[in-house]
>>> print(open('coords-v4.cif').read())   # mmCIF, C-alpha atoms
data_my_file
loop_
_atom_site.label_atom_id
_atom_site.label_comp_id
_atom_site.auth_asym_id
_atom_site.auth_seq_id
_atom_site.Cartn_x
_atom_site.Cartn_y
_atom_site.Cartn_z
CA MET A 1 -2.32 -22.31 -5.92
CA ASN A 2 -3.31 -18.87 -4.72
CA ASN A 3 -5.68 -16.91 -6.86
CA ASP A 4 -5.02 -13.34 -7.91
CA TYR A 5 -7.74 -10.72 -7.67
CA PHE A 6 -8.45 -7.62 -9.72
CA LEU A 7 -10.40 -5.28 -7.45
CA GLU A 8 -12.89 -3.18 -9.33
CA THR A 9 -13.72 0.09 -7.52
CA SER A 10 -17.19 -0.98 -6.37
CA ALA A 11 -15.61 -3.99 -4.67
CA PHE A 12 -12.77 -1.95 -3.20
CA THR A 13 -15.21 0.45 -1.48
CA LYS A 14 -16.69 -2.47 0.45
CA ARG A 15 -13.46 -2.55 2.37
CA TYR A 16 -14.55 0.57 4.24
CA THR A 17 -18.15 -0.24 5.08
CA LYS A 18 -19.87 -3.10 6.79
CA GLU A 19 -22.15 -4.09 3.98
CA PRO A 20 -22.69 -7.34 2.10
CA GLY A 21 -19.47 -8.46 0.47
CA HIS A 22 -17.07 -6.90 2.96
CA GLN A 23 -16.18 -10.28 4.46
CA PHE A 24 -14.94 -11.48 1.09
CA ILE A 25 -12.82 -8.35 0.65
CA ASP A 26 -11.39 -8.75 4.15
CA LYS A 27 -10.54 -12.34 3.35
CA ILE A 28 -8.55 -11.56 0.23
CA PHE A 29 -6.74 -8.70 1.95
CA SER A 30 -5.74 -10.89 4.87
CA ALA A 31 -4.56 -13.89 2.85
CA ASN A 32 -1.53 -14.16 0.65
CA HIS A 33 -3.17 -13.15 -2.61
CA GLN A 34 -1.84 -10.84 -5.26
CA LEU A 35 -4.23 -7.94 -5.65
CA PHE A 36 -4.51 -5.56 -8.59
CA TYR A 37 -6.42 -2.39 -9.28
CA LEU A 38 -6.52 0.02 -12.19
CA SER A 39 -5.00 3.39 -11.32
CA VAL A 40 -8.25 5.26 -11.91
CA THR A 41 -9.81 3.36 -9.00
CA TYR A 42 -7.85 5.61 -6.66
CA CYS A 43 -9.55 8.61 -8.25
CA GLU A 44 -12.99 7.05 -7.97
CA ILE A 45 -12.62 6.19 -4.28
CA ILE A 46 -11.03 9.44 -3.21
CA LYS A 47 -13.80 11.25 -5.07
CA ILE A 48 -16.37 9.56 -2.82
CA PHE A 49 -14.43 10.58 0.28
CA TYR A 50 -14.16 14.16 -0.96
CA ARG A 51 -17.84 14.19 -1.81
CA LEU A 52 -18.69 13.33 1.80
CA TYR A 53 -16.09 15.70 3.23
CA LYS A 54 -16.21 18.80 1.05
CA TYR A 55 -18.96 18.45 -1.51
CA PRO A 56 -21.92 16.71 0.15
CA GLN A 57 -24.86 16.24 -2.16
CA ILE A 58 -28.48 16.43 -1.08
CA ASN A 59 -29.14 13.72 1.53
CA ASP A 60 -25.42 13.10 2.07
CA THR A 61 -24.06 13.09 5.60
CA LYS A 62 -21.02 15.36 5.77
CA ILE A 63 -17.93 13.91 7.42
CA SER A 64 -15.33 15.83 9.42
CA GLU A 65 -11.76 16.49 8.28
CA ASN A 66 -10.58 14.06 10.94
CA LYS A 67 -12.76 11.27 9.58
CA PHE A 68 -11.78 12.12 6.03
CA ASN A 69 -8.11 11.84 6.98
CA LYS A 70 -8.71 8.46 8.57
CA LEU A 71 -10.50 7.17 5.50
CA ASN A 72 -7.74 8.57 3.31
CA ALA A 73 -5.08 6.87 5.42
CA ALA A 74 -6.88 3.53 5.29
CA LEU A 75 -7.17 3.82 1.52
CA SER A 76 -3.47 4.65 1.15
CA ASN A 77 -2.55 1.69 3.31
CA ASP A 78 -4.68 -0.71 1.26
CA LEU A 79 -3.55 0.64 -2.10
CA LEU A 80 0.04 -0.05 -1.13
CA LEU A 81 -0.88 -3.70 -0.53
CA ALA A 82 -2.07 -4.04 -4.11
CA SER A 83 -0.43 -3.61 -7.50
CA ARG A 84 -1.47 -0.56 -9.46
CA ILE A 85 -2.08 -1.09 -13.17
CA SER A 86 -1.46 1.93 -15.35
CA ILE A 87 -3.84 2.90 -18.12
CA THR A 88 -1.77 2.03 -21.14
CA ASP A 89 -2.64 2.59 -24.78
CA GLU A 90 -3.34 -1.14 -25.05
CA ILE A 91 -5.96 -0.83 -22.32
CA VAL A 92 -7.50 2.20 -24.00
CA SER A 93 -7.53 0.39 -27.33
CA LYS A 94 -9.25 -2.64 -25.80
CA SER A 95 -12.26 -0.41 -25.06
CA LYS A 96 -13.58 -0.81 -28.58
CA GLU A 97 -13.65 -4.59 -28.22
CA ILE A 98 -15.67 -4.25 -25.04
CA LEU A 99 -18.12 -1.80 -26.57
CA ASN A 100 -18.53 -4.10 -29.53
CA VAL A 101 -19.90 -6.70 -27.11
CA GLY A 102 -21.90 -4.57 -24.70
CA TRP A 103 -22.74 -1.15 -23.28
CA LEU A 104 -21.64 0.48 -20.03
CA LYS A 105 -22.75 3.93 -18.91
CA SER A 106 -19.42 4.92 -17.44
CA SER A 107 -16.26 5.27 -19.52
CA ILE A 108 -14.22 4.49 -16.40
CA ASP A 109 -16.00 1.13 -16.12
CA ILE A 110 -14.95 0.32 -19.66
CA LEU A 111 -11.33 1.16 -18.88
CA ILE A 112 -11.42 -0.94 -15.71
CA LEU A 113 -12.77 -3.95 -17.60
CA SER A 114 -10.13 -3.38 -20.29
CA GLY A 115 -7.50 -3.29 -17.57
CA PHE A 116 -8.72 -6.59 -16.18
CA ILE A 117 -8.73 -8.30 -19.57
CA VAL A 118 -5.18 -7.18 -20.33
CA THR A 119 -3.95 -8.12 -16.84
CA LYS A 120 -5.59 -11.54 -17.10
CA ASP A 121 -3.65 -12.20 -20.29
CA ILE A 122 -0.59 -12.21 -18.05
CA TYR A 123 -1.95 -13.48 -14.72
CA ARG A 124 -4.07 -16.47 -15.68
CA ASN A 125 -5.44 -17.12 -12.17
CA LEU A 126 -6.88 -13.64 -11.98
CA TYR A 127 -10.46 -13.07 -10.78
CA PHE A 128 -12.46 -9.91 -11.43
CA ILE A 129 -14.18 -8.72 -8.23
CA THR A 130 -17.03 -6.27 -8.58
CA ALA A 131 -20.26 -5.13 -6.94
CA ASP A 132 -21.51 -3.38 -10.06
CA ASN A 133 -24.10 -5.61 -11.71
CA ASP A 134 -23.80 -4.06 -15.17
CA LEU A 135 -20.05 -4.40 -15.10
CA SER A 136 -20.31 -7.94 -13.79
CA ASP A 137 -22.69 -8.98 -16.57
CA LEU A 138 -20.43 -7.62 -19.28
CA ALA A 139 -17.25 -8.99 -17.69
CA LYS A 140 -18.79 -12.47 -17.76
CA LYS A 141 -18.92 -12.25 -21.53
CA PHE A 142 -15.12 -12.07 -21.53
CA SER A 143 -14.22 -14.36 -18.65
CA ASN A 144 -15.69 -17.01 -16.37
CA ASP A 145 -13.56 -15.74 -13.51
CA VAL A 146 -15.88 -13.00 -12.37
CA ILE A 147 -17.12 -12.65 -8.79
CA ASN A 148 -20.10 -10.39 -8.19
CA LEU A 149 -20.20 -9.46 -4.52
CA ASN A 150 -23.94 -8.87 -4.80
CA GLN A 151 -24.40 -12.55 -5.58
CA ILE A 152 -22.36 -14.27 -2.89
CA MET B 1 9.49 14.69 2.12
CA ASP B 2 10.71 18.24 2.37
CA ASN B 3 10.91 19.75 -1.07
CA THR B 4 11.48 23.28 0.11
CA GLY B 5 14.74 25.10 -0.04
CA THR B 6 16.81 27.29 -2.24
CA ILE B 7 17.98 26.02 -5.57
CA ASP B 8 21.63 26.80 -6.02
CA TYR B 9 22.78 26.15 -9.56
CA LYS B 10 25.87 27.00 -11.49
CA TYR B 11 27.45 26.27 -14.82
CA GLU B 12 30.60 24.22 -14.52
CA SER B 13 33.61 24.75 -16.71
CA ASN B 14 33.16 21.36 -18.36
CA GLY B 15 29.80 22.39 -19.72
CA VAL B 16 27.57 20.53 -17.27
CA ILE B 17 25.43 22.16 -14.61
CA SER B 18 25.33 21.41 -10.94
CA ILE B 19 22.23 21.98 -8.81
CA ASN B 20 22.72 22.20 -5.08
CA GLY B 21 26.09 20.60 -5.59
CA ILE B 22 24.69 17.68 -7.59
CA GLU B 23 26.18 17.57 -11.04
CA ILE B 24 23.71 16.84 -13.79
CA ASP B 25 25.24 14.84 -16.55
CA LYS B 26 23.93 14.94 -20.06
CA LEU B 27 21.96 18.09 -19.49
CA SER B 28 21.21 19.65 -22.82
CA ASP B 29 19.31 22.77 -21.88
CA ILE B 30 17.59 24.68 -19.13
CA TYR B 31 14.20 26.09 -19.92
CA GLN B 32 13.03 27.71 -16.74
CA ILE B 33 14.49 28.31 -13.37
CA LYS B 34 12.07 29.59 -10.78
CA GLU B 35 12.19 30.08 -7.05
CA ASP B 36 10.92 26.63 -6.20
CA TYR B 37 11.22 24.55 -9.31
CA ILE B 38 13.25 24.09 -12.41
CA ILE B 39 12.35 22.59 -15.74
CA VAL B 40 15.23 20.87 -17.41
CA THR B 41 15.87 18.53 -20.28
CA LEU B 42 17.47 15.30 -19.19
CA GLU B 43 18.31 12.27 -21.23
CA ASN B 44 16.87 9.84 -18.72
CA HIS B 45 14.45 9.83 -15.84
CA LEU B 46 16.85 8.04 -13.52
CA THR B 47 18.76 11.24 -13.09
CA ALA B 48 15.57 13.14 -12.42
CA ASP B 49 14.42 10.64 -9.80
CA LEU B 50 17.78 10.77 -8.11
CA LEU B 51 17.53 14.51 -7.86
CA TRP B 52 13.96 14.40 -6.66
CA ASN B 53 14.90 12.04 -3.87
CA GLY B 54 17.66 14.49 -3.14
CA LYS B 55 14.89 16.83 -1.99
CA LEU B 56 14.69 18.89 -5.10
CA ASP B 57 11.34 19.31 -6.76
CA ILE B 58 12.23 18.59 -10.34
CA TYR B 59 9.82 18.53 -13.23
CA THR B 60 11.45 17.14 -16.31
CA GLU B 61 10.49 17.77 -19.85
CA GLU B 62 11.92 16.00 -22.83
CA ILE B 63 11.39 18.30 -25.73
CA GLU B 64 12.10 17.00 -29.17
CA ASP B 65 10.72 18.05 -32.48
CA ASN B 66 7.40 16.34 -33.25
CA LYS B 67 7.59 14.24 -30.11
CA LEU B 68 5.55 14.69 -26.96
CA PRO B 69 7.43 14.53 -23.67
CA LEU B 70 7.20 11.36 -21.61
CA ARG B 71 5.29 13.30 -19.01
CA LEU B 72 2.39 13.29 -21.43
CA THR B 73 2.80 9.80 -22.86
CA ASP B 74 4.31 7.54 -20.20
CA PRO B 75 1.46 5.96 -18.15
CA SER B 76 3.75 5.54 -15.16
CA TYR B 77 4.96 9.12 -15.10
CA GLY B 78 4.33 10.47 -11.60
CA LYS B 79 4.39 7.01 -10.04
CA ASN B 80 6.97 8.04 -7.46
CA ASP B 81 4.96 11.09 -6.46
CA LEU B 82 1.80 9.06 -5.95
CA ASP B 83 3.58 6.27 -4.10
CA ASN B 84 5.32 8.78 -1.87
CA TYR B 85 1.99 10.40 -1.09
CA LEU B 86 0.37 7.05 -0.27
CA ASN B 87 3.30 6.15 1.96
CA SER B 88 3.16 9.48 3.74
CA THR B 89 -0.57 9.21 4.50
CA LYS B 90 -0.81 5.52 5.39
CA ASP B 91 0.86 6.04 8.76
CA ASN B 92 -2.33 7.50 10.21
CA SER B 93 -4.21 4.36 9.26
CA ILE B 94 -6.42 2.80 11.91
CA LYS B 95 -7.97 -0.66 12.13
CA ILE B 96 -10.47 -1.40 9.41
CA GLU B 97 -13.08 -2.18 12.08
CA ASP B 98 -12.70 1.38 13.34
CA ILE B 99 -13.03 2.73 9.82
CA ARG B 100 -16.36 0.92 9.58
CA LYS B 101 -17.51 2.63 12.75
CA ILE B 102 -16.89 5.93 10.95
CA THR B 103 -18.88 4.85 7.92
CA ASN B 104 -21.53 3.06 9.94
CA LYS B 105 -24.05 5.86 9.64
CA LEU B 106 -23.12 6.80 6.10
CA PRO B 107 -24.86 5.55 2.99
CA SER B 108 -23.21 2.68 1.13
CA LEU B 109 -19.99 3.95 -0.46
CA THR B 110 -20.51 1.44 -3.24
CA GLY B 111 -23.99 2.86 -3.71
CA LEU B 112 -22.60 6.38 -4.00
CA LEU B 113 -20.09 5.15 -6.57
CA ILE B 114 -22.70 3.42 -8.71
CA GLU B 115 -24.94 6.50 -8.48
CA ASP B 116 -22.02 8.65 -9.60
CA ARG B 117 -21.25 6.35 -12.51
CA ASN B 118 -24.86 6.30 -13.63
CA ASN B 119 -24.84 10.09 -13.70
CA GLU B 120 -21.75 10.28 -15.90
#
>>> encode(input="coords-v4.cif", output="structure tokens")
Amino acid sequence: MNNDYFLETSAFTKRYTKEPGHQFIDKIFSANHQLFYLSVTYCEIIKIFYRLYKYPQINDTKISENKFNKLNAALSNDLLLASRISITDEIVSKSKEILNVGWLKSSIDILILSGFIVTKDIYRNLYFITADNDLSDLAKKFSNDVINLNQI
Amino acid sequence: MDNTGTIDYKYESNGVISINGIEIDKLSDIYQIKEDYIIVTLENHLTADLLWNGKLDIYTEEIEDNKLPLRLTDPSYGKNDLDNYLNSTKDNSIKIEDIRKITNKLPSLTGLLIEDRNNE
């Protein structure tokens, strides 16, 4: 039986760089797996691209419009291969259960974990893929099906 | 998708309104008509989508007393717009190996993300 994968943003970004964990992401994109992401992941990734293109921070390397467009196109292509989960009121409501168990600095992280928990209620073979150690640690308190790309 | 063009609307004798020759059923009111967009009240989004795909840029509002419009409460509102955008930009996609050549000299994108989250 094929597994399903919920791609957390920090895992999704490995698709575009050759850094530890990218082989795993390539593998699940190339095989016949159902992939999910929470809608806000699009915002998080495109924000990184815009940061490098238009709003470079100190020590950032600015990228050209041409490179930005290529990154944007690759992201669009990949997002269309996955199923986008909307942030529903149920997902928002689930945040309080997560915070009752543990702390995350980013509110978006909490929503993403909520989105995974709700999606896993429906898709039982769903794995949470992340490269964010804090998120991984907290996710493991809700499910055994968590893959931390920093630990493979 | 080309959303530009002139909006030609008229009131029909049977009480409905046609926009660019497309008759809108169950239209209860028109709130604003501007040069490039129109805000209407429709009883369902199917009609709005049909019109949008008919190259009209339609923003719908369902206004009822003490009830927010779906645009503000439906998590999937705007799905077609986003999907259309993704479809329109994906065509310039190159091989993922070539993308990694672009990012080869950049810092870890995941690292930038985590840094951003930690600064929230």
>>> closest_residue(input="coords-v4.cif", among="B:Ile99, B:Leu72, B:Leu86, B:Leu106", to="A:Leu81", atoms="only C-alpha atoms")
B:Leu86
>>> resolve_selection(input="coords-v4.cif", expression="the PyMOL selection byres ((chain B) within 8 of (chain A))", output="list in words")
Pro75, Ser76, Asp83, Leu86, Asn87, Thr89, Lys90, Asp91, Asn92, Ser93, Ile94, Ile96, Ile99, Arg100, Ile102, Thr103, Asn104, Leu106, Pro107, Ser108, Leu109, Thr110, Leu112, Leu113, Ile114, Arg117, Asn118 and Glu120 of chain B
>>> resolve_selection(input="coords-v4.cif", expression="the PyMOL selection byres ((chain A and resi 149) around 9)", output="tab-separated table (two decimals) with C-alpha atoms, keeping the file's coordinate frame")
chain	number	residue	atom	x	y	z
A	11	ALA	CA	-15.61	-3.99	-4.67
A	20	PRO	CA	-22.69	-7.34	2.10
A	21	GLY	CA	-19.47	-8.46	0.47
A	22	HIS	CA	-17.07	-6.90	2.96
A	24	PHE	CA	-14.94	-11.48	1.09
A	129	ILE	CA	-14.18	-8.72	-8.23
A	130	THR	CA	-17.03	-6.27	-8.58
A	131	ALA	CA	-20.26	-5.13	-6.94
A	132	ASP	CA	-21.51	-3.38	-10.06
A	147	ILE	CA	-17.12	-12.65	-8.79
A	148	ASN	CA	-20.10	-10.39	-8.19
A	150	ASN	CA	-23.94	-8.87	-4.80
A	151	GLN	CA	-24.40	-12.55	-5.58
A	152	ILE	CA	-22.36	-14.27	-2.89
>>> atom_distance(input="coords-v4.cif", atom1="atom CA of A:Ser136", atom2="atom CA of B:Glu97")
27.5 Å
>>> atom_distance(input="coords-v4.cif", atom1="atom CA of A:Ser93", atom2="atom CA of B:Glu115")
26.4 Å
>>> atom_distance(input="coords-v4.cif", atom1="atom CA of A:Phe36", atom2="atom CA of A:Phe6")
4.6 Å
>>> resolve_selection(input="coords-v4.cif", expression="the PyMOL selection byres ((chain A and resi 146) around 6)", output="list in words")
Tyr127, Phe128, Asn144, Asp145 and Ile147 of chain A
>>> closest_residue(input="coords-v4.cif", among="A:Val40, A:Val92, A:Ile28, A:Leu99", to="A:Phe142", atoms="only C-alpha atoms")
A:Leu99
